>>> print(open('final.tsv').read())   # TSV, C-alpha atoms and all ligand atoms
chain	number	residue	atom	x	y	z
A	1	MET	CA	-80.31	69.75	-55.14
A	2	LYS	CA	-82.99	70.76	-57.68
A	3	LYS	CA	-81.53	70.26	-61.16
A	4	HIS	CA	-81.55	72.77	-63.97
A	5	ASN	CA	-82.96	70.56	-66.71
A	6	PHE	CA	-81.77	71.52	-70.22
A	7	TYR	CA	-82.51	68.16	-71.88
A	8	ALA	CA	-83.85	68.34	-75.44
A	9	GLY	CA	-86.66	65.84	-74.92
A	10	PRO	CA	-88.06	64.24	-72.94
A	11	SER	CA	-87.48	67.45	-71.11
A	12	ILE	CA	-88.49	69.68	-68.25
A	13	LEU	CA	-92.14	69.87	-67.25
A	14	SER	CA	-93.55	72.42	-64.84
A	15	GLU	CA	-93.93	71.63	-61.16
A	16	TYR	CA	-97.64	72.25	-61.72
A	17	THR	CA	-97.85	69.42	-64.26
A	18	ILE	CA	-95.71	67.00	-62.29
A	19	LYS	CA	-97.46	67.63	-58.96
A	20	ASN	CA	-100.96	67.30	-60.41
A	21	THR	CA	-99.98	64.18	-62.34
A	22	ALA	CA	-98.45	62.66	-59.20
A	23	GLU	CA	-101.68	63.34	-57.29
A	24	ALA	CA	-103.78	61.74	-60.02
A	25	ILE	CA	-101.53	58.70	-59.93
A	26	LYS	CA	-102.68	58.28	-56.34
A	27	ASP	CA	-106.31	59.29	-56.80
A	28	PHE	CA	-107.80	60.44	-60.07
A	29	ALA	CA	-110.65	62.96	-59.83
A	30	GLY	CA	-111.96	61.47	-56.58
A	31	THR	CA	-112.65	58.12	-58.27
A	32	GLY	CA	-110.65	56.14	-55.72
A	33	LEU	CA	-108.65	54.84	-58.69
A	34	SER	CA	-105.25	55.83	-60.02
A	35	ILE	CA	-105.09	57.51	-63.44
A	36	LEU	CA	-102.85	54.52	-64.26
A	37	GLU	CA	-105.72	52.06	-63.85
A	38	VAL	CA	-108.79	53.98	-64.89
A	39	SER	CA	-110.87	53.18	-67.99
A	40	HIS	CA	-110.40	55.57	-70.87
A	41	ARG	CA	-114.16	55.35	-71.31
A	42	SER	CA	-114.91	56.53	-67.77
A	43	LYS	CA	-116.78	59.82	-67.67
A	44	GLU	CA	-113.92	61.36	-65.70
A	45	PHE	CA	-111.36	60.55	-68.39
A	46	VAL	CA	-113.68	61.53	-71.24
A	47	ALA	CA	-113.89	64.91	-69.51
A	48	VAL	CA	-110.07	65.10	-69.51
A	49	MET	CA	-109.91	64.39	-73.23
A	50	ASP	CA	-112.63	66.93	-74.01
A	51	GLU	CA	-111.03	69.68	-71.97
A	52	ALA	CA	-107.57	68.99	-73.41
A	53	GLN	CA	-108.90	69.24	-76.97
A	54	GLN	CA	-110.80	72.39	-76.08
A	55	LEU	CA	-107.74	74.03	-74.52
A	56	VAL	CA	-105.54	73.31	-77.55
A	57	LYS	CA	-108.20	75.04	-79.66
A	58	GLU	CA	-108.34	77.97	-77.30
A	59	LEU	CA	-104.59	78.44	-76.83
A	60	LEU	CA	-103.78	78.23	-80.54
A	61	ASP	CA	-106.97	79.98	-81.64
A	62	VAL	CA	-107.92	77.04	-83.87
A	63	PRO	CA	-110.67	78.07	-86.30
A	64	ALA	CA	-113.86	76.11	-87.00
A	65	GLY	CA	-113.43	73.16	-89.38
A	66	TYR	CA	-110.41	71.73	-87.55
A	67	GLN	CA	-110.15	68.75	-85.20
A	68	VAL	CA	-107.65	68.21	-82.40
A	69	LEU	CA	-106.46	64.61	-81.99
A	70	PHE	CA	-104.31	62.94	-79.34
A	71	LEU	CA	-102.60	59.96	-80.96
A	72	GLY	CA	-99.91	57.42	-80.19
A	73	GLY	CA	-96.91	56.63	-82.38
A	74	GLY	CA	-94.88	59.78	-81.79
A	75	ALA	CA	-94.20	62.57	-84.25
A	76	SER	CA	-92.42	59.94	-86.35
A	77	MET	CA	-95.73	58.25	-87.07
A	78	GLN	CA	-96.98	61.53	-88.54
A	79	PHE	CA	-94.16	61.42	-91.09
A	80	CYS	CA	-96.14	58.62	-92.75
A	81	MET	CA	-99.70	59.55	-91.74
A	82	VAL	CA	-99.43	62.96	-93.40
A	83	PRO	CA	-98.62	61.70	-96.91
A	84	TYR	CA	-100.87	58.66	-96.50
A	85	ASN	CA	-103.83	60.97	-95.95
A	86	LEU	CA	-102.91	64.08	-97.95
A	87	LEU	CA	-100.48	63.30	-100.78
A	88	LYS	CA	-102.39	62.88	-104.04
A	89	LYS	CA	-99.59	63.36	-106.55
A	90	LYS	CA	-96.87	65.68	-105.36
A	91	ALA	CA	-95.81	67.32	-102.11
A	92	ALA	CA	-93.18	69.97	-101.35
A	93	TYR	CA	-90.81	69.54	-98.40
A	94	LEU	CA	-88.16	71.78	-96.85
A	95	ASP	CA	-85.09	69.89	-95.65
A	96	THR	CA	-83.85	71.56	-92.47
A	97	GLY	CA	-82.53	68.61	-90.50
A	98	THR	CA	-82.77	65.01	-89.40
A	99	TRP	CA	-86.49	65.09	-88.62
A	100	ALA	CA	-87.36	66.90	-91.84
A	101	SER	CA	-85.39	64.38	-93.85
A	102	ASN	CA	-87.06	61.50	-92.03
A	103	ALA	CA	-90.40	63.02	-93.05
A	104	ILE	CA	-89.19	63.31	-96.66
A	105	LYS	CA	-88.16	59.65	-96.70
A	106	GLU	CA	-91.65	58.55	-95.69
A	107	ALA	CA	-93.42	60.88	-98.14
A	108	ARG	CA	-91.45	59.34	-101.03
A	109	LEU	CA	-93.33	56.09	-100.39
A	110	PHE	CA	-96.55	57.81	-101.44
A	111	GLY	CA	-95.79	60.04	-104.41
A	112	GLU	CA	-93.54	62.66	-105.90
A	113	VAL	CA	-91.61	64.74	-103.37
A	114	ASP	CA	-90.16	68.08	-104.35
A	115	VAL	CA	-87.46	69.05	-101.83
A	116	VAL	CA	-87.65	72.79	-102.44
A	117	ALA	CA	-84.44	73.58	-100.53
A	118	SER	CA	-81.97	72.02	-98.11
A	119	SER	CA	-79.29	73.28	-95.73
A	120	LYS	CA	-77.73	69.83	-95.42
A	121	ASP	CA	-74.42	70.82	-97.05
A	122	LYS	CA	-73.86	73.32	-94.20
A	123	ASN	CA	-74.80	70.76	-91.54
A	124	TYR	CA	-78.24	72.40	-91.24
A	125	THR	CA	-76.89	75.53	-89.58
A	126	PHE	CA	-79.39	77.82	-91.30
A	127	ILE	CA	-82.93	77.83	-92.70
A	128	PRO	CA	-82.92	78.03	-96.52
A	129	LYS	CA	-84.61	81.12	-97.97
A	130	GLY	CA	-85.78	82.29	-101.35
A	131	PHE	CA	-87.10	78.91	-102.43
A	132	THR	CA	-90.22	78.45	-104.53
A	133	VAL	CA	-93.01	76.08	-103.57
A	134	PRO	CA	-94.70	74.68	-106.69
A	135	GLU	CA	-98.34	75.70	-106.93
A	136	ASP	CA	-99.39	72.20	-107.93
A	137	ALA	CA	-98.09	70.64	-104.72
A	138	ASP	CA	-100.74	69.14	-102.46
A	139	TYR	CA	-99.05	70.70	-99.43
A	140	PHE	CA	-95.79	72.20	-98.20
A	141	HIS	CA	-94.22	70.40	-95.23
A	142	TYR	CA	-91.64	71.99	-92.96
A	143	THR	CA	-90.26	71.64	-89.43
A	144	THR	CA	-90.79	74.80	-87.41
A	145	ASN	CA	-87.97	74.09	-84.96
A	146	ASN	CA	-85.01	71.86	-85.64
A	147	THR	CA	-84.31	70.38	-82.24
A	148	ILE	CA	-80.92	68.91	-83.08
A	149	TYR	CA	-79.41	71.88	-84.95
A	150	GLY	CA	-81.02	74.79	-83.10
A	151	THR	CA	-82.64	76.57	-86.03
A	152	GLU	CA	-86.23	77.78	-86.08
A	153	LEU	CA	-88.71	79.27	-88.51
A	154	ARG	CA	-90.85	81.42	-86.28
A	155	HIS	CA	-93.48	82.62	-88.71
A	156	ASP	CA	-96.08	80.83	-90.80
A	157	PRO	CA	-94.68	80.91	-94.36
A	158	ASP	CA	-96.68	82.52	-97.17
A	159	VAL	CA	-96.99	80.01	-99.97
A	160	LYS	CA	-99.79	79.21	-102.41
A	161	VAL	CA	-100.51	75.72	-101.05
A	162	PRO	CA	-101.65	74.52	-97.61
A	163	LEU	CA	-98.97	74.14	-94.96
A	164	VAL	CA	-98.17	71.05	-92.91
A	165	ALA	CA	-95.81	71.52	-89.98
A	166	ASP	CA	-93.92	69.42	-87.50
A	167	MET	CA	-94.07	71.64	-84.40
A	168	SER	CA	-92.78	69.00	-82.00
A	169	SER	CA	-90.23	71.20	-80.30
A	170	ASP	CA	-91.79	74.66	-80.34
A	171	ILE	CA	-95.58	74.26	-80.19
A	172	PHE	CA	-97.15	76.65	-77.65
A	173	SER	CA	-94.13	78.97	-77.81
A	174	ARG	CA	-95.86	81.50	-80.07
A	175	PRO	CA	-99.20	82.23	-81.70
A	176	VAL	CA	-99.80	80.37	-84.99
A	177	ASP	CA	-102.15	81.16	-87.87
A	178	VAL	CA	-103.74	77.71	-87.94
A	179	SER	CA	-105.93	78.62	-90.93
A	180	LYS	CA	-102.86	78.33	-93.19
A	181	TYR	CA	-102.35	74.67	-92.27
A	182	ASP	CA	-103.90	71.36	-93.28
A	183	VAL	CA	-102.06	69.56	-90.49
A	184	ILE	CA	-99.99	70.60	-87.48
A	185	TYR	CA	-98.44	67.85	-85.38
A	186	ALA	CA	-96.24	67.73	-82.32
A	187	GLY	CA	-94.90	64.96	-80.11
A	188	ALA	CA	-95.68	65.85	-76.51
A	189	GLN	CA	-92.31	65.35	-74.89
A	190	LYS	CA	-91.01	68.91	-75.14
A	191	ASN	CA	-93.55	71.59	-74.37
A	192	LEU	CA	-96.42	69.47	-73.14
A	193	ALA	CA	-96.24	66.11	-71.42
A	194	PRO	CA	-94.27	62.91	-70.96
A	195	ALA	CA	-93.60	60.97	-74.19
A	196	GLY	CA	-96.39	58.81	-75.54
A	197	VAL	CA	-98.88	61.19	-77.10
A	198	THR	CA	-98.82	63.35	-80.21
A	199	ILE	CA	-101.09	66.32	-80.80
A	200	VAL	CA	-102.48	66.52	-84.31
A	201	ILE	CA	-104.53	69.48	-85.49
A	202	VAL	CA	-106.17	68.57	-88.77
A	203	LYS	CA	-108.40	70.43	-91.18
A	204	GLU	CA	-111.50	68.37	-91.89
A	205	ASP	CA	-111.75	69.45	-95.54
A	206	ALA	CA	-108.22	68.19	-96.21
A	207	LEU	CA	-109.31	64.61	-95.51
A	208	GLY	CA	-110.89	62.08	-97.85
A	209	ASN	CA	-109.26	63.48	-100.99
A	210	VAL	CA	-106.81	60.68	-101.80
A	211	ASP	CA	-107.67	57.56	-103.80
A	212	ARG	CA	-105.54	55.04	-101.93
A	213	ALA	CA	-106.88	52.75	-99.23
A	214	ILE	CA	-105.63	53.83	-95.80
A	215	PRO	CA	-105.21	51.33	-92.95
A	216	THR	CA	-107.78	52.12	-90.28
A	217	MET	CA	-105.33	53.22	-87.57
A	218	LEU	CA	-103.42	55.49	-89.98
A	219	ASP	CA	-106.53	57.19	-91.31
A	220	TYR	CA	-107.11	60.55	-89.58
A	221	ARG	CA	-110.84	60.14	-90.23
A	222	THR	CA	-110.94	57.13	-87.89
A	223	HIS	CA	-109.67	59.24	-85.02
A	224	VAL	CA	-111.77	62.27	-85.92
A	225	LYS	CA	-114.91	60.14	-85.97
A	226	LYS	CA	-114.12	58.56	-82.60
A	227	GLY	CA	-112.75	61.65	-80.83
A	228	SER	CA	-109.27	60.06	-80.41
A	229	MET	CA	-110.94	57.09	-78.67
A	230	PHE	CA	-110.96	54.58	-81.55
A	231	ASN	CA	-108.42	52.58	-79.59
A	232	THR	CA	-107.07	53.07	-76.07
A	233	PRO	CA	-105.40	56.47	-76.04
A	234	PRO	CA	-102.28	57.19	-73.94
A	235	VAL	CA	-104.24	58.08	-70.82
A	236	LEU	CA	-101.43	59.28	-68.56
A	237	PRO	CA	-99.64	61.58	-71.05
A	238	ILE	CA	-103.00	63.09	-72.00
A	239	TYR	CA	-103.74	63.78	-68.34
A	240	SER	CA	-100.36	65.49	-67.96
A	241	ALA	CA	-100.93	67.41	-71.18
A	242	LEU	CA	-104.18	68.76	-69.76
A	243	GLN	CA	-102.30	70.04	-66.70
A	244	THR	CA	-99.76	71.84	-68.87
A	245	LEU	CA	-102.48	73.34	-71.05
A	246	ARG	CA	-104.37	74.62	-68.01
A	247	HIS	CA	-101.15	76.10	-66.70
A	248	TYR	CA	-100.44	77.86	-70.01
A	249	LYS	CA	-103.90	79.36	-69.91
A	250	GLU	CA	-103.50	80.56	-66.33
A	251	LEU	CA	-100.13	82.12	-67.16
A	252	GLY	CA	-101.53	84.13	-70.06
A	253	GLY	CA	-101.44	81.81	-73.07
A	254	VAL	CA	-98.93	81.43	-75.87
A	255	GLU	CA	-98.21	85.18	-76.12
A	256	GLU	CA	-96.92	85.08	-72.56
A	257	MET	CA	-94.93	81.90	-73.32
A	258	GLN	CA	-93.36	83.69	-76.26
A	259	ARG	CA	-92.42	86.67	-74.11
A	260	ARG	CA	-90.76	84.43	-71.52
A	261	ASP	CA	-89.04	82.23	-74.11
A	262	LEU	CA	-87.60	85.22	-75.96
A	263	ALA	CA	-86.22	86.65	-72.71
A	264	LYS	CA	-84.52	83.36	-71.84
A	265	ALA	CA	-83.03	82.88	-75.31
A	266	GLU	CA	-81.85	86.48	-75.46
A	267	MET	CA	-80.00	86.09	-72.16
A	268	LEU	CA	-78.19	82.95	-73.30
A	269	TYR	CA	-77.35	84.14	-76.84
A	270	GLU	CA	-76.07	87.39	-75.37
A	271	ALA	CA	-73.73	85.42	-73.12
A	272	ILE	CA	-72.52	83.28	-76.03
A	273	ASP	CA	-71.96	86.28	-78.30
A	274	SER	CA	-69.95	88.15	-75.68
A	275	SER	CA	-67.87	85.13	-74.70
A	276	ARG	CA	-64.21	84.64	-75.62
A	277	MET	CA	-64.60	80.89	-75.19
A	278	PHE	CA	-67.98	79.87	-76.65
A	279	VAL	CA	-69.48	80.50	-80.07
A	280	GLY	CA	-72.93	79.79	-81.53
A	281	THR	CA	-73.24	77.30	-84.39
A	282	VAL	CA	-76.28	78.76	-86.17
A	283	ALA	CA	-76.83	81.71	-88.53
A	284	PRO	CA	-77.99	84.44	-86.10
A	285	GLU	CA	-81.23	85.20	-87.98
A	286	ASP	CA	-82.30	81.55	-87.78
A	287	ARG	CA	-81.48	80.88	-84.15
A	288	SER	CA	-83.96	78.82	-82.22
A	289	ILE	CA	-85.39	80.18	-78.99
A	290	MET	CA	-86.00	76.59	-77.83
A	291	ASN	CA	-82.68	74.83	-78.49
A	292	VAL	CA	-79.54	76.93	-78.20
A	293	CYS	CA	-76.54	75.22	-79.86
A	294	PHE	CA	-72.98	76.37	-79.23
A	295	VAL	CA	-69.41	75.03	-79.16
A	296	MET	CA	-66.01	75.90	-77.70
A	297	LYS	CA	-63.86	78.08	-79.95
A	298	PRO	CA	-61.02	76.03	-81.57
A	299	GLU	CA	-58.38	77.40	-79.21
A	300	TYR	CA	-60.23	75.79	-76.29
A	301	ASP	CA	-60.69	72.46	-78.06
A	302	GLY	CA	-60.81	69.46	-75.75
A	303	LEU	CA	-62.51	71.27	-72.84
A	304	ASP	CA	-66.07	70.12	-73.61
A	305	LYS	CA	-66.21	67.37	-71.05
A	306	GLU	CA	-64.58	69.51	-68.39
A	307	PHE	CA	-67.24	72.19	-68.91
A	308	ILE	CA	-70.09	69.69	-68.78
A	309	ASP	CA	-68.67	68.25	-65.54
A	310	PHE	CA	-68.20	71.74	-64.11
A	311	ALA	CA	-71.78	72.69	-65.04
A	312	SER	CA	-73.08	69.55	-63.37
A	313	THR	CA	-71.59	70.73	-60.06
A	314	LYS	CA	-74.05	73.65	-60.35
A	315	GLY	CA	-76.97	71.27	-60.91
A	316	ILE	CA	-77.00	71.80	-64.69
A	317	VAL	CA	-77.98	68.69	-66.68
A	318	GLY	CA	-78.67	67.92	-70.33
A	319	ILE	CA	-76.38	70.41	-72.09
A	320	LYS	CA	-74.34	67.95	-74.15
A	321	GLY	CA	-74.94	68.64	-77.86
A	322	HIS	CA	-76.53	66.04	-80.11
A	323	ARG	CA	-73.92	63.58	-81.40
A	324	SER	CA	-74.33	64.88	-84.96
A	325	VAL	CA	-73.43	68.47	-83.94
A	326	GLY	CA	-71.21	68.05	-80.86
A	327	GLY	CA	-70.54	70.84	-78.38
A	328	PHE	CA	-73.47	71.99	-76.31
A	329	ARG	CA	-77.20	72.37	-76.62
A	330	ALA	CA	-79.29	74.09	-73.98
A	331	SER	CA	-82.99	73.52	-74.44
A	332	LEU	CA	-85.09	76.34	-73.05
A	333	TYR	CA	-88.59	74.90	-73.25
A	334	ASN	CA	-91.57	76.73	-71.79
A	335	ALA	CA	-91.27	75.08	-68.38
A	336	LEU	CA	-87.64	76.09	-67.87
A	337	PRO	CA	-87.39	79.07	-65.49
A	338	LEU	CA	-85.28	82.12	-66.35
A	339	GLU	CA	-83.38	81.35	-63.16
A	340	SER	CA	-81.94	78.17	-64.74
A	341	VAL	CA	-80.63	80.20	-67.69
A	342	LYS	CA	-78.97	82.60	-65.22
A	343	VAL	CA	-77.27	79.66	-63.51
A	344	LEU	CA	-75.98	78.39	-66.86
A	345	VAL	CA	-74.72	81.83	-67.93
A	346	ASP	CA	-72.95	82.26	-64.59
A	347	ALA	CA	-71.36	78.81	-64.98
A	348	MET	CA	-70.12	79.73	-68.47
A	349	LYS	CA	-68.60	82.97	-67.16
A	350	GLU	CA	-66.96	81.30	-64.19
A	351	PHE	CA	-65.52	78.52	-66.37
A	352	GLU	CA	-64.21	81.08	-68.82
A	353	LYS	CA	-62.55	83.04	-66.04
A	354	ASN	CA	-60.78	79.88	-64.84
A	355	HIS	CA	-59.30	79.11	-68.26
B	401	LIG	N1	-89.73	66.09	-84.95
B	401	LIG	C1	-88.95	66.84	-84.16
B	401	LIG	C2	-88.80	68.30	-84.46
B	401	LIG	C3	-88.31	66.25	-83.06
B	401	LIG	O1	-87.54	67.00	-82.25
B	401	LIG	C4	-88.48	64.88	-82.80
B	401	LIG	C5	-87.79	64.14	-81.68
B	401	LIG	N2	-87.64	64.73	-80.56
B	401	LIG	C6	-89.29	64.14	-83.67
B	401	LIG	C7	-89.90	64.77	-84.72
B	401	LIG	C8	-89.53	62.66	-83.45
B	401	LIG	O2	-90.43	62.54	-82.42
B	401	LIG	P1	-90.89	61.15	-81.81
B	401	LIG	O3	-89.73	60.61	-81.07
B	401	LIG	O4	-92.04	61.54	-80.94
B	401	LIG	O5	-91.30	60.27	-82.94
>>> encode(input="final.tsv", output="structure tokens")
Amino acid sequence: MKKHNFYAGPSILSEYTIKNTAEAIKDFAGTGLSILEVSHRSKEFVAVMDEAQQLVKELLDVPAGYQVLFLGGGASMQFCMVPYNLLKKKAAYLDTGTWASNAIKEARLFGEVDVVASSKDKNYTFIPKGFTVPEDADYFHYTTNNTIYGTELRHDPDVKVPLVADMSSDIFSRPVDVSKYDVIYAGAQKNLAPAGVTIVIVKEDALGNVDRAIPTMLDYRTHVKKGSMFNTPPVLPIYSALQTLRHYKELGGVEEMQRRDLAKAEMLYEAIDSSRMFVGTVAPEDRSIMNVCFVMKPEYDGLDKEFIDFASTKGIVGIKGHRSVGGFRASLYNALPLESVKVLVDAMKEFEKNH
């Protein structure tokens, strides 16, 4: 039975991406070689890299003066690369969850960090508002979508300093005003490709302004200069990423992704809000359209495992909440069809009827 894949990451990829990747594993671009064994310097792979960079620019409407990089090291590596390259004296950070606080920890190694607001004392169930970003900060870092807690900031904030965002779990789910950012980064393993590559969109003018020496591999300029080919890039994830990017373009770009994602999230939140058994964990105005977090109401305590087992009989996988939140989390990334959300909603209703 085809599974309904709600995992938070690595997570569902489209059939288009998986099929084309599988074919390239057998024969890549008519080379008679597998994508697994081809040189990253072959003209066929250089073409893949070029097209992937071009499509990121096109889909996110990246203005001139920015470079698109495909790097290893995960989004977690960006937690240190960002301050290494951009933090002169002071940076502002918004603390909205585990990943944001991991980024804060790294930034503190490089200079003064002003945590402008935090929702930690409410277990990160909302996005702080009304905070002030100091005008003398080198940048303001925030996480657009908090994968673990299911909160999301779906607009590009208006502050007086350049933005830096971790968009790992919601990139390509909406249009972004890239001109407000010095750096946007995203690990691939949600809306793009298998794990192993991170997209970094970096403003060229933001580089070269710090005094410290930067190790070669951690210096964005190294990768800009060499077109993400300074060292061997993660060839297979980049190939898969290209498939996903082509697919997004064919489907109508990020506006169309946003339309689909909103419809899926609306269907699931509607079911949660009208349920006698389940309740959402997040302030409604900050709810993520990518990761929907919910729990059993206290009077049904102890039924979590039974529901997860019941859902699995319908082919539903990956809905167990993160260990720091508990309950359930349904991730509705771009590749997840509306049909899977319907199956989940029906399972919730049926389970509720039986209890
Ligand atoms: N940021 C966010 C928002 C994430 O969801 C994750 C993990 N899924 C990370 C950063 C860390 O990513 P990685 O495992 O690629 O380092």
>>> residues_near_ligand(input="final.tsv", ligand="ligand LIG 401 (chain B)", cutoff="9 Å", atoms="only C-alpha atoms and all ligand atoms", output="PyMOL selection string")
chain A and resi 8-10+72-79+97-100+102-103+143-148+166-170+185-190+195-198
>>> atom_distance(input="final.tsv", atom1="CA of Ala107 in chain A", atom2="CA of Leu94 in chain A")
12.2 Å
>>> residues_around(input="final.tsv", residues="range 113-126 of chain A", least_positions_apart="3", cutoff="6 Å", atoms="all atoms listed in the file", output="list of chain:residue names")
A:Lys90, A:Ala91, A:Ala92, A:Tyr93, A:Leu94, A:Asp95, A:Thr96, A:Gly97, A:Arg108, A:Val282, A:Ala283, A:Asp286
>>> closest_residue(input="final.tsv", among="A:Val345, A:Ile104, A:Val161, A:Leu69", to="Lys57 in chain A", atoms="all atoms listed in the file")
A:Leu69
>>> atom_distance(input="final.tsv", atom1="CA of Gln54 in chain A", atom2="CA of Tyr142 in chain A")
25.5 Å
>>> closest_residue(input="final.tsv", among="A:Leu242, A:Leu60, A:Ala271, A:Ile171", to="Tyr333 in chain A", atoms="all atoms listed in the file")
A:Ile171
>>> residues_around(input="final.tsv", residues="His247 in chain A", least_positions_apart="3", cutoff="8 Å", atoms="all atoms listed in the file", output="number ranges by chain")
A: 16-17, 243-244, 250-251
>>> closest_residue(input="final.tsv", among="A:Pro298, A:Gly65, A:Pro83, A:Pro175", to="Gly253 in chain A", atoms="only C-alpha atoms")
A:Pro175
>>> decode(input="final.tsv", residues="range 202-262 of chain A", atoms="C-alpha atoms", output="short mmCIF file (atom, residue, chain, number, x, y, z; two decimals), in the first residue's frame")
data_model
loop_
_atom_site.label_atom_id
_atom_site.label_comp_id
_atom_site.auth_asym_id
_atom_site.auth_seq_id
_atom_site.Cartn_x
_atom_site.Cartn_y
_atom_site.Cartn_z
CA VAL A 202 23.83 35.11 -0.26
CA LYS A 203 24.14 38.78 -1.07
CA GLU A 204 27.58 39.48 -2.53
CA ASP A 205 27.91 42.91 -0.89
CA ALA A 206 27.38 41.37 2.56
CA LEU A 207 30.63 39.41 2.23
CA GLY A 208 34.18 40.50 3.02
CA ASN A 209 33.17 42.98 5.73
CA VAL A 210 34.48 41.17 8.82
CA ASP A 211 38.05 41.41 10.12
CA ARG A 212 38.49 37.85 11.34
CA ALA A 213 40.20 35.14 9.34
CA ILE A 214 37.68 32.60 8.04
CA PRO A 215 38.66 28.97 7.36
CA THR A 216 38.49 28.37 3.62
CA MET A 217 35.58 25.92 3.67
CA LEU A 218 33.50 28.17 5.95
CA ASP A 219 34.05 31.29 3.88
CA TYR A 220 31.08 31.94 1.56
CA ARG A 221 33.46 33.69 -0.85
CA THR A 222 35.26 30.40 -1.49
CA HIS A 223 32.05 28.81 -2.72
CA VAL A 224 30.89 31.89 -4.61
CA LYS A 225 34.20 32.06 -6.46
CA LYS A 226 34.09 28.37 -7.38
CA GLY A 227 30.37 28.09 -8.15
CA SER A 228 29.81 25.58 -5.29
CA MET A 229 32.55 23.38 -6.82
CA PHE A 230 35.46 24.26 -4.52
CA ASN A 231 35.24 20.74 -3.17
CA THR A 232 33.13 17.80 -4.29
CA PRO A 233 29.51 18.88 -3.89
CA PRO A 234 26.75 16.42 -2.87
CA VAL A 235 26.07 15.29 -6.43
CA LEU A 236 23.01 13.09 -5.88
CA PRO A 237 21.00 15.46 -3.65
CA ILE A 238 21.71 18.29 -6.09
CA TYR A 239 20.43 16.16 -8.95
CA SER A 240 17.25 15.43 -7.00
CA ALA A 241 16.93 19.09 -6.07
CA LEU A 242 17.01 19.99 -9.76
CA GLN A 243 14.12 17.59 -10.41
CA THR A 244 12.04 19.17 -7.65
CA LEU A 245 12.82 22.68 -8.88
CA ARG A 246 11.80 21.77 -12.44
CA HIS A 247 8.61 20.28 -11.08
CA TYR A 248 7.81 23.42 -9.07
CA LYS A 249 8.28 25.49 -12.20
CA GLU A 250 6.03 23.24 -14.26
CA LEU A 251 3.33 23.34 -11.59
CA GLY A 252 3.26 27.14 -11.51
CA GLY A 253 6.00 28.19 -9.11
CA VAL A 254 5.90 29.13 -5.44
CA GLU A 255 2.57 30.97 -5.71
CA GLU A 256 0.94 27.71 -6.74
CA MET A 257 2.78 25.85 -3.95
CA GLN A 258 1.42 28.40 -1.50
CA ARG A 259 -2.12 27.94 -2.78
CA ARG A 260 -1.89 24.16 -2.41
CA ASP A 261 -0.18 24.31 0.99
CA LEU A 262 -2.78 26.69 2.39
#
